[in-house]
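Listing of input-v9.cif, mmCIF, C-alpha atoms and all ligand atoms
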data_model
#
loop_
_atom_site.group_PDB
_atom_site.id
_atom_site.type_symbol
_atom_site.label_atom_id
_atom_site.label_comp_id
_atom_site.auth_asym_id
_atom_site.auth_seq_id
_atom_site.Cartn_x
_atom_site.Cartn_y
_atom_site.Cartn_z
ATOM 1 C CA MET A 1 57.827 80.798 187.580
ATOM 2 C CA ASN A 2 59.140 81.409 184.076
ATOM 3 C CA ASN A 3 62.664 80.413 183.034
ATOM 4 C CA SER A 4 64.152 83.901 183.389
ATOM 5 C CA THR A 5 62.854 84.254 186.926
ATOM 6 C CA PHE A 6 64.222 80.814 187.741
ATOM 7 C CA VAL A 7 67.665 81.767 186.360
ATOM 8 C CA HIS A 8 67.757 85.052 188.287
ATOM 9 C CA LYS A 9 66.718 83.410 191.557
ATOM 10 C CA TYR A 10 69.246 80.629 191.029
ATOM 11 C CA LEU A 11 72.162 82.920 190.244
ATOM 12 C CA ALA A 12 71.513 85.763 192.686
ATOM 13 C CA PRO A 13 73.204 84.108 195.693
ATOM 14 C CA LEU A 14 76.087 82.782 193.559
ATOM 15 C CA ILE A 15 77.273 86.044 192.003
ATOM 16 C CA GLU A 16 79.785 88.195 193.863
ATOM 17 C CA ARG A 17 80.480 91.867 193.179
ATOM 18 C CA ASP A 18 83.840 91.057 191.597
ATOM 19 C CA SER A 19 82.440 88.237 189.441
ATOM 20 C CA VAL A 20 82.901 88.573 185.695
ATOM 21 C CA CYS A 21 79.483 87.986 184.094
ATOM 22 C CA VAL A 22 78.647 87.709 180.408
ATOM 23 C CA ASP A 23 75.219 87.998 178.827
ATOM 24 C CA MET A 24 75.598 86.311 175.429
ATOM 25 C CA THR A 25 72.174 87.460 174.156
ATOM 26 C CA ALA A 26 71.242 90.892 175.501
ATOM 27 C CA GLY A 27 67.853 91.154 173.669
ATOM 28 C CA GLY A 28 65.682 93.368 175.851
ATOM 29 C CA GLY A 29 68.400 93.849 178.457
ATOM 30 C CA ASN A 30 66.553 92.079 181.262
ATOM 31 C CA ASP A 31 69.307 89.566 181.963
ATOM 32 C CA THR A 32 72.004 92.200 181.493
ATOM 33 C CA LEU A 33 70.269 94.405 184.047
ATOM 34 C CA PHE A 34 70.004 91.522 186.492
ATOM 35 C CA LEU A 35 73.729 90.750 186.129
ATOM 36 C CA ALA A 36 74.679 94.431 186.551
ATOM 37 C CA GLN A 37 72.644 94.625 189.758
ATOM 38 C CA HIS A 38 74.839 91.877 191.219
ATOM 39 C CA ALA A 39 78.299 92.302 189.677
ATOM 40 C CA ASP A 40 80.585 95.146 188.610
ATOM 41 C CA HIS A 41 82.056 93.440 185.527
ATOM 42 C CA VAL A 42 79.335 92.781 182.974
ATOM 43 C CA ILE A 43 79.730 92.245 179.250
ATOM 44 C CA ALA A 44 76.674 91.914 177.001
ATOM 45 C CA PHE A 45 76.560 90.704 173.390
ATOM 46 C CA ASP A 46 73.890 90.942 170.756
ATOM 47 C CA ILE A 47 74.148 90.651 167.025
ATOM 48 C CA SER A 48 71.301 93.165 166.628
ATOM 49 C CA LYS A 49 72.132 96.865 166.890
ATOM 50 C CA GLU A 50 68.548 97.574 167.870
ATOM 51 C CA ALA A 51 68.758 95.078 170.771
ATOM 52 C CA ILE A 52 72.028 96.628 171.956
ATOM 53 C CA GLU A 53 70.545 100.136 171.902
ATOM 54 C CA ARG A 54 67.461 98.949 173.767
ATOM 55 C CA SER A 55 69.554 97.124 176.362
ATOM 56 C CA LYS A 56 71.782 100.180 176.855
ATOM 57 C CA LYS A 57 68.690 102.266 177.631
ATOM 58 C CA ARG A 58 67.324 99.617 179.987
ATOM 59 C CA CYS A 59 70.646 99.489 181.825
ATOM 60 C CA ALA A 60 71.350 103.244 181.789
ATOM 61 C CA ALA A 61 71.950 103.197 185.547
ATOM 62 C CA TYR A 62 74.988 100.938 184.962
ATOM 63 C CA PRO A 63 77.356 102.822 182.630
ATOM 64 C CA ASP A 64 80.217 100.385 183.193
ATOM 65 C CA ILE A 65 78.564 97.539 181.274
ATOM 66 C CA LEU A 66 80.507 96.733 178.112
ATOM 67 C CA PHE A 67 78.003 96.262 175.261
ATOM 68 C CA ILE A 68 79.252 94.473 172.159
ATOM 69 C CA CYS A 69 77.336 94.392 168.898
ATOM 70 C CA ASP A 70 78.814 91.229 167.389
ATOM 71 C CA SER A 71 78.090 87.527 167.261
ATOM 72 C CA HIS A 72 78.726 85.857 170.584
ATOM 73 C CA GLU A 73 80.819 83.201 168.865
ATOM 74 C CA ASN A 74 83.556 85.892 168.788
ATOM 75 C CA ILE A 75 83.608 86.174 172.587
ATOM 76 C CA ARG A 76 87.310 85.295 172.698
ATOM 77 C CA SER A 77 88.209 88.535 170.933
ATOM 78 C CA TYR A 78 86.615 90.609 173.700
ATOM 79 C CA LEU A 79 86.913 88.727 176.983
ATOM 80 C CA LYS A 80 90.184 89.615 178.696
ATOM 81 C CA GLU A 81 89.764 87.299 181.695
ATOM 82 C CA LYS A 82 87.826 84.156 182.454
ATOM 83 C CA ALA A 83 84.229 84.559 183.634
ATOM 84 C CA GLU A 84 82.291 83.240 186.623
ATOM 85 C CA VAL A 85 78.911 83.367 184.882
ATOM 86 C CA ILE A 86 77.986 83.124 181.195
ATOM 87 C CA LEU A 87 74.347 83.343 180.246
ATOM 88 C CA PHE A 88 72.592 82.335 177.010
ATOM 89 C CA ASN A 89 68.919 83.092 176.481
ATOM 90 C CA LEU A 90 68.472 81.669 172.986
ATOM 91 C CA GLY A 91 65.822 82.344 170.353
ATOM 92 C CA TYR A 92 64.674 85.592 168.819
ATOM 93 C CA ASP A 93 64.482 89.109 170.205
ATOM 94 C CA PRO A 94 60.994 89.255 171.734
ATOM 95 C CA TYR A 95 60.940 93.067 171.613
ATOM 96 C CA GLY A 96 62.245 93.625 168.088
ATOM 97 C CA GLU A 97 61.826 92.519 164.494
ATOM 98 C CA ARG A 98 62.408 88.868 165.357
ATOM 99 C CA ASN A 99 64.786 88.732 162.384
ATOM 100 C CA THR A 100 67.937 87.745 164.276
ATOM 101 C CA PRO A 101 67.100 84.440 165.987
ATOM 102 C CA THR A 102 70.044 82.509 167.354
ATOM 103 C CA LYS A 103 71.192 79.719 165.030
ATOM 104 C CA PHE A 104 72.538 76.375 166.057
ATOM 105 C CA SER A 105 75.874 76.635 164.232
ATOM 106 C CA SER A 106 76.893 79.946 165.852
ATOM 107 C CA SER A 107 75.304 78.987 169.188
ATOM 108 C CA LEU A 108 77.299 75.755 169.204
ATOM 109 C CA LYS A 109 80.545 77.590 168.497
ATOM 110 C CA ALA A 110 79.694 80.181 171.167
ATOM 111 C CA VAL A 111 78.939 77.510 173.786
ATOM 112 C CA LYS A 112 82.268 75.778 173.053
ATOM 113 C CA GLU A 113 84.146 79.059 173.444
ATOM 114 C CA ALA A 114 82.156 80.036 176.535
ATOM 115 C CA TRP A 115 82.909 76.743 178.249
ATOM 116 C CA ASP A 116 86.589 77.242 177.579
ATOM 117 C CA LEU A 117 86.467 80.821 178.892
ATOM 118 C CA LEU A 118 84.582 79.880 182.062
ATOM 119 C CA LYS A 119 86.467 79.814 185.368
ATOM 120 C CA GLU A 120 86.636 76.598 187.386
ATOM 121 C CA GLU A 121 83.463 76.489 189.557
ATOM 122 C CA GLY A 122 81.813 78.901 187.106
ATOM 123 C CA TYR A 123 78.280 78.601 185.737
ATOM 124 C CA LEU A 124 77.133 78.418 182.137
ATOM 125 C CA ILE A 125 73.388 78.860 181.832
ATOM 126 C CA ILE A 126 71.460 78.143 178.634
ATOM 127 C CA THR A 127 67.743 78.656 178.112
ATOM 128 C CA PHE A 128 66.354 76.986 174.992
ATOM 129 C CA TYR A 129 63.087 77.911 173.280
ATOM 130 C CA ARG A 130 62.060 74.774 171.437
ATOM 131 C CA GLY A 131 58.713 75.955 170.070
ATOM 132 C CA HIS A 132 59.942 78.190 167.227
ATOM 133 C CA PRO A 133 61.399 77.143 163.854
ATOM 134 C CA GLY A 134 65.073 76.348 164.376
ATOM 135 C CA GLY A 135 64.749 76.242 168.147
ATOM 136 C CA LYS A 136 64.408 72.484 168.216
ATOM 137 C CA ASP A 137 67.477 71.936 165.995
ATOM 138 C CA GLU A 138 69.435 74.289 168.222
ATOM 139 C CA TYR A 139 68.322 72.418 171.331
ATOM 140 C CA TYR A 140 69.245 68.980 169.989
ATOM 141 C CA ALA A 141 72.608 70.133 168.588
ATOM 142 C CA LEU A 142 73.673 71.728 171.877
ATOM 143 C CA LYS A 143 72.245 68.942 174.053
ATOM 144 C CA ASP A 144 74.189 66.423 171.979
ATOM 145 C CA TYR A 145 77.375 68.471 172.357
ATOM 146 C CA ILE A 146 76.874 68.794 176.126
ATOM 147 C CA GLU A 147 76.318 65.046 176.551
ATOM 148 C CA LYS A 148 79.106 63.875 174.243
ATOM 149 C CA ASN A 149 81.662 66.192 175.816
ATOM 150 C CA GLY A 150 80.710 65.484 179.407
ATOM 151 C CA LEU A 151 79.808 69.066 180.355
ATOM 152 C CA PHE A 152 78.401 68.789 183.867
ATOM 153 C CA VAL A 153 74.670 69.502 184.006
ATOM 154 C CA LEU A 154 73.923 70.503 187.558
ATOM 155 C CA GLU A 155 70.223 71.091 187.030
ATOM 156 C CA THR A 156 67.564 71.576 184.386
ATOM 157 C CA TYR A 157 64.347 73.566 184.746
ATOM 158 C CA GLN A 158 61.043 73.413 182.909
ATOM 159 C CA ARG A 159 57.995 75.209 184.221
ATOM 160 C CA HIS A 160 55.265 72.675 183.400
ATOM 161 C CA LEU A 161 57.173 69.635 182.090
ATOM 162 C CA LYS A 162 55.338 69.997 178.747
ATOM 163 C CA ILE A 163 56.851 68.942 175.456
ATOM 164 C CA ASP A 164 58.581 71.760 173.534
ATOM 165 C CA GLU A 165 58.283 74.324 176.334
ATOM 166 C CA PRO A 166 61.390 76.359 177.255
ATOM 167 C CA VAL A 167 64.048 74.498 179.175
ATOM 168 C CA THR A 168 67.010 75.878 181.106
ATOM 169 C CA TYR A 169 70.283 74.010 181.602
ATOM 170 C CA ILE A 170 72.541 75.002 184.506
ATOM 171 C CA LEU A 171 76.055 73.772 183.712
ATOM 172 C CA LYS A 172 78.871 73.982 186.217
ATOM 173 C CA LYS A 173 82.572 73.710 185.414
ATOM 174 C CA ILE A 174 84.047 71.446 188.019
ATOM 175 C CA SER A 175 87.686 70.487 188.348
HETATM 176 C C1 LIG B 1 65.662 85.550 173.544
HETATM 177 S S1 LIG B 1 66.533 87.010 173.100
HETATM 178 C C2 LIG B 1 67.416 87.373 174.572
HETATM 179 C C3 LIG B 1 66.589 87.939 175.687
HETATM 180 C C4 LIG B 1 67.403 88.706 176.697
HETATM 181 N N1 LIG B 1 68.376 87.892 177.380
HETATM 182 C C5 LIG B 1 66.583 89.506 177.684
HETATM 183 O O1 LIG B 1 66.836 89.411 178.890
HETATM 184 O O2 LIG B 1 65.708 90.238 177.246
HETATM 185 C C6 LIG B 1 67.816 86.386 172.023
HETATM 186 C C7 LIG B 1 68.745 87.467 171.455
HETATM 187 O O3 LIG B 1 69.860 86.813 170.847
HETATM 188 C C8 LIG B 1 70.316 87.658 169.812
HETATM 189 N N2 LIG B 1 71.226 86.906 168.920
HETATM 190 C C9 LIG B 1 70.910 86.103 167.876
HETATM 191 N N3 LIG B 1 72.019 85.569 167.337
HETATM 192 C C10 LIG B 1 73.064 86.067 168.027
HETATM 193 C C11 LIG B 1 74.483 85.905 167.930
HETATM 194 N N4 LIG B 1 75.025 85.085 167.017
HETATM 195 N N5 LIG B 1 75.251 86.578 168.809
HETATM 196 C C12 LIG B 1 74.716 87.402 169.747
HETATM 197 N N6 LIG B 1 73.381 87.591 169.888
HETATM 198 C C13 LIG B 1 72.567 86.938 169.046
HETATM 199 C C14 LIG B 1 69.036 88.153 169.167
HETATM 200 O O4 LIG B 1 69.275 89.333 168.403
HETATM 201 C C15 LIG B 1 68.132 88.355 170.387
HETATM 202 O O5 LIG B 1 68.153 89.686 170.791
#

Take the structure I supplied and represent it as structure tokens, if you would.
Amino acid sequence: MNNSTFVHKYLAPLIERDSVCVDMTAGGGNDTLFLAQHADHVIAFDISKEAIERSKKRCAAYPDILFICDSHENIRSYLKEKAEVILFNLGYDPYGERNTPTKFSSSLKAVKEAWDLLKEEGYLIITFYRGHPGGKDEYYALKDYIEKNGLFVLETYQRHLKIDEPVTYILKKIS
């Protein structure tokens, strides 16, 4: 199964209706839609206006989703309470111009903020795409941060265990 399917299957039994869930990279709206199908409080970020508009259309059945067209590193300005689930699907928008790929400096800042804004027992999920320019730097910068700061990696997932293929990290905030 691909990484998105793995993430959805993993999270589905863990999300409750009153969970606060944040999609840090809305893109095509697939993850946002999945979160909205399981929880009532969903916030979705994307730096691309086009991606936000596309995600809004994809999630039209869920008018309560709060869509934010801003860099996810500014999450603190928008999130009013701590979240149970925060999801990053890094890389470029596969449905758009591919001109707004995530970058390691803003991704790193966003992950730091997200970890701080995660509830105890909450999940921070990051999928890295290491095959595109910049994706490898992003992966190594965030992996280094995760290891040096002792963020708890509950599980990682790779489909074929091939070098440079997408990898998902499931982080859990434990007390
Ligand atoms: C791989 S796509 C996400 C796919 C999406 N989760 C889905 O289900 O279709 C990555 C997205 O991150 C967005 N992005 C890039 N830099 C960003 C930033 N600093 N803040 C928020 N979104 C950003 C891109 O515009 C792109 O749409």

message: Between A:Leu33, A:Ile163, A:Leu151, A:Ala114, which residue has the minimum interatomic distance to A:Gly131, considering all atoms listed in the file?
response: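 Closest residue, counting all atoms listed in the file: A:Ile163.
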
task: Give the residues close to ligand LIG 1 (chain B), within 6 Å, counting all atoms listed in the file; write them as a PyMOL selection string.
output: chain A and resi 24-31+45-48+51+71-72+89-93+100-102+106

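Within 7 Å of A:Thr127, once all atoms listed in the file are used and residues closer than 6 positions along the same chain are dropped, the contacting residues are A:Phe88, A:Asn89, A:Leu90, A:Pro166, A:Val167, A:Thr168, A:Tyr169.
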
field: Gap from atom CA of A:Glu138 to atom CA of A:Leu161 - Å, one decimal
entry: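 Going from atom CA of A:Glu138 over to atom CA of A:Leu161, I get 19.1 Å.
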
message: Given the PyMOL selection byres (((chain A and resi 64) around 9) and not hetatm) and the file above, list the residues it selects as an MDAnalysis selection string.
response: chainID A and resid 36 40:42 62:63 65:66

- request: For atom CA of A:Asp18 and atom CA of A:Leu87, determine how far apart the two atoms are, in Å to one decimal place.
  value: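 So the two atoms, atom CA of A:Asp18 and atom CA of A:Leu87, lie 16.7 Å apart.
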
task: Can you turn the PyMOL selection byres (((chain A and resi 121) around 7) and not hetatm) into a concrete residue list for this file, as a PyMOL selection string?
output: chain A and resi 119-120+122-123+172-174

- request: Could you expand the PyMOL selection byres (((chain A and resi 156) around 9) and not hetatm) into the explicit residues it covers here, written as a PyMOL selection string?
  value: chain A and resi 153-155+157-158+167-171

statement: Taken to one decimal, the atom CA of A:Phe104-atom CA of A:Asn149 distance is 16.8 Å

message: At a cut-off of 8 Å, using all atoms listed in the file, what residues contact A:Leu108? Leave out same-chain residues fewer than 2 positions from it and give the result as an MDAnalysis selection string.
response: chainID A and resid 104:106 110:112 141:142 145

message: My list of candidates is A:Glu147, A:Asp137, A:Glu113, A:Glu16. Which is closest to A:Ser77 when distances are computed with all atoms listed in the file?
response: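 Selected residue with least distance to A:Ser77: A:Glu113.
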
message: Let me make sure I understand: among A:Lys103, A:Lys148, A:Lys82, A:His132, which one has the smallest atom-to-atom distance to A:Asp116 if we use only C-alpha atoms?
response: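 Of the candidates, the smallest distance to A:Asp116 is held by A:Lys82.
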
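Residues with any atom within 7 Å of A:Phe67, counting only C-alpha atoms and excluding same-chain neighbours fewer than 6 positions away, are Ile43, Ala44, Phe45 and Ile52 of chain A.
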
Kindly complete stretch 55-66 of chain A to all heavy atoms; the output should be written as a PDB file, in the frame of the given file.
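Listing of out_23.pdb after writing:
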ATOM      1  N   SER A  55      68.974  97.614 175.099  1.00  0.00           N
ATOM      2  CA  SER A  55      69.554  97.124 176.362  1.00  0.00           C
ATOM      3  C   SER A  55      70.339  98.234 177.061  1.00  0.00           C
ATOM      4  O   SER A  55      70.315  98.345 178.286  1.00  0.00           O
ATOM      5  CB  SER A  55      70.471  95.924 176.088  1.00  0.00           C
ATOM      6  OG  SER A  55      69.733  94.877 175.529  1.00  0.00           O
ATOM      7  N   LYS A  56      71.023  99.050 176.265  1.00  0.00           N
ATOM      8  CA  LYS A  56      71.782 100.180 176.855  1.00  0.00           C
ATOM      9  C   LYS A  56      70.828 101.100 177.597  1.00  0.00           C
ATOM     10  O   LYS A  56      71.121 101.556 178.707  1.00  0.00           O
ATOM     11  CB  LYS A  56      72.493 100.972 175.752  1.00  0.00           C
ATOM     12  CG  LYS A  56      73.838 100.415 175.380  1.00  0.00           C
ATOM     13  CD  LYS A  56      74.533 101.358 174.400  1.00  0.00           C
ATOM     14  CE  LYS A  56      75.828 100.730 173.926  1.00  0.00           C
ATOM     15  NZ  LYS A  56      76.417 101.427 172.797  1.00  0.00           N
ATOM     16  N   LYS A  57      69.685 101.384 176.988  1.00  0.00           N
ATOM     17  CA  LYS A  57      68.690 102.266 177.631  1.00  0.00           C
ATOM     18  C   LYS A  57      68.180 101.626 178.912  1.00  0.00           C
ATOM     19  O   LYS A  57      68.063 102.273 179.949  1.00  0.00           O
ATOM     20  CB  LYS A  57      67.509 102.505 176.682  1.00  0.00           C
ATOM     21  CG  LYS A  57      67.740 103.631 175.734  1.00  0.00           C
ATOM     22  CD  LYS A  57      66.442 104.058 175.048  1.00  0.00           C
ATOM     23  CE  LYS A  57      66.805 104.929 173.847  1.00  0.00           C
ATOM     24  NZ  LYS A  57      66.085 104.618 172.658  1.00  0.00           N
ATOM     25  N   ARG A  58      67.884 100.325 178.816  1.00  0.00           N
ATOM     26  CA  ARG A  58      67.324  99.617 179.987  1.00  0.00           C
ATOM     27  C   ARG A  58      68.321  99.598 181.145  1.00  0.00           C
ATOM     28  O   ARG A  58      67.939  99.575 182.308  1.00  0.00           O
ATOM     29  CB  ARG A  58      66.969  98.198 179.558  1.00  0.00           C
ATOM     30  CG  ARG A  58      66.384  97.316 180.598  1.00  0.00           C
ATOM     31  CD  ARG A  58      65.004  96.819 180.175  1.00  0.00           C
ATOM     32  NE  ARG A  58      64.487  95.792 181.063  1.00  0.00           N
ATOM     33  CZ  ARG A  58      64.015  96.023 182.274  1.00  0.00           C
ATOM     34  NH1 ARG A  58      64.009  97.239 182.748  1.00  0.00           N
ATOM     35  NH2 ARG A  58      63.560  95.035 183.020  1.00  0.00           N
ATOM     36  N   CYS A  59      69.598  99.608 180.801  1.00  0.00           N
ATOM     37  CA  CYS A  59      70.646  99.489 181.825  1.00  0.00           C
ATOM     38  C   CYS A  59      71.372 100.826 182.022  1.00  0.00           C
ATOM     39  O   CYS A  59      72.535 100.836 182.446  1.00  0.00           O
ATOM     40  CB  CYS A  59      71.657  98.411 181.413  1.00  0.00           C
ATOM     41  SG  CYS A  59      70.932  96.786 181.206  1.00  0.00           S
ATOM     42  N   ALA A  60      70.708 101.921 181.751  1.00  0.00           N
ATOM     43  CA  ALA A  60      71.350 103.244 181.789  1.00  0.00           C
ATOM     44  C   ALA A  60      71.960 103.549 183.151  1.00  0.00           C
ATOM     45  O   ALA A  60      72.926 104.313 183.257  1.00  0.00           O
ATOM     46  CB  ALA A  60      70.342 104.316 181.402  1.00  0.00           C
ATOM     47  N   ALA A  61      71.426 102.947 184.199  1.00  0.00           N
ATOM     48  CA  ALA A  61      71.950 103.197 185.547  1.00  0.00           C
ATOM     49  C   ALA A  61      73.306 102.512 185.774  1.00  0.00           C
ATOM     50  O   ALA A  61      73.931 102.728 186.821  1.00  0.00           O
ATOM     51  CB  ALA A  61      70.941 102.700 186.584  1.00  0.00           C
ATOM     52  N   TYR A  62      73.727 101.688 184.802  1.00  0.00           N
ATOM     53  CA  TYR A  62      74.988 100.938 184.962  1.00  0.00           C
ATOM     54  C   TYR A  62      75.913 101.231 183.778  1.00  0.00           C
ATOM     55  O   TYR A  62      76.057 100.419 182.861  1.00  0.00           O
ATOM     56  CB  TYR A  62      74.689  99.436 185.075  1.00  0.00           C
ATOM     57  CG  TYR A  62      73.855  99.116 186.287  1.00  0.00           C
ATOM     58  CD1 TYR A  62      72.468  99.060 186.206  1.00  0.00           C
ATOM     59  CD2 TYR A  62      74.458  98.918 187.526  1.00  0.00           C
ATOM     60  CE1 TYR A  62      71.693  98.814 187.332  1.00  0.00           C
ATOM     61  CE2 TYR A  62      73.692  98.657 188.655  1.00  0.00           C
ATOM     62  CZ  TYR A  62      72.320  98.614 188.548  1.00  0.00           C
ATOM     63  OH  TYR A  62      71.561  98.363 189.668  1.00  0.00           O
ATOM     64  N   PRO A  63      76.557 102.410 183.795  1.00  0.00           N
ATOM     65  CA  PRO A  63      77.356 102.822 182.630  1.00  0.00           C
ATOM     66  C   PRO A  63      78.625 101.993 182.407  1.00  0.00           C
ATOM     67  O   PRO A  63      79.255 102.121 181.350  1.00  0.00           O
ATOM     68  CB  PRO A  63      77.701 104.284 182.951  1.00  0.00           C
ATOM     69  CG  PRO A  63      77.535 104.426 184.424  1.00  0.00           C
ATOM     70  CD  PRO A  63      76.523 103.428 184.850  1.00  0.00           C
ATOM     71  N   ASP A  64      78.985 101.165 183.371  1.00  0.00           N
ATOM     72  CA  ASP A  64      80.217 100.385 183.193  1.00  0.00           C
ATOM     73  C   ASP A  64      80.019  99.094 182.397  1.00  0.00           C
ATOM     74  O   ASP A  64      80.992  98.378 182.101  1.00  0.00           O
ATOM     75  CB  ASP A  64      80.827 100.036 184.561  1.00  0.00           C
ATOM     76  CG  ASP A  64      81.352 101.288 185.255  1.00  0.00           C
ATOM     77  OD1 ASP A  64      81.662 102.268 184.539  1.00  0.00           O
ATOM     78  OD2 ASP A  64      81.414 101.293 186.496  1.00  0.00           O
ATOM     79  N   ILE A  65      78.788  98.760 182.072  1.00  0.00           N
ATOM     80  CA  ILE A  65      78.564  97.539 181.274  1.00  0.00           C
ATOM     81  C   ILE A  65      79.219  97.724 179.904  1.00  0.00           C
ATOM     82  O   ILE A  65      79.076  98.781 179.271  1.00  0.00           O
ATOM     83  CB  ILE A  65      77.047  97.277 181.067  1.00  0.00           C
ATOM     84  CG1 ILE A  65      76.339  97.076 182.404  1.00  0.00           C
ATOM     85  CG2 ILE A  65      76.822  96.065 180.168  1.00  0.00           C
ATOM     86  CD1 ILE A  65      74.816  97.059 182.283  1.00  0.00           C
ATOM     87  N   LEU A  66      79.901  96.689 179.445  1.00  0.00           N
ATOM     88  CA  LEU A  66      80.507  96.733 178.112  1.00  0.00           C
ATOM     89  C   LEU A  66      79.545  96.048 177.140  1.00  0.00           C
ATOM     90  O   LEU A  66      79.325  94.826 177.232  1.00  0.00           O
ATOM     91  CB  LEU A  66      81.862  96.009 178.147  1.00  0.00           C
ATOM     92  CG  LEU A  66      82.610  95.886 176.824  1.00  0.00           C
ATOM     93  CD1 LEU A  66      82.919  97.250 176.228  1.00  0.00           C
ATOM     94  CD2 LEU A  66      83.888  95.073 177.017  1.00  0.00           C
TER      95      LEU A  66
END
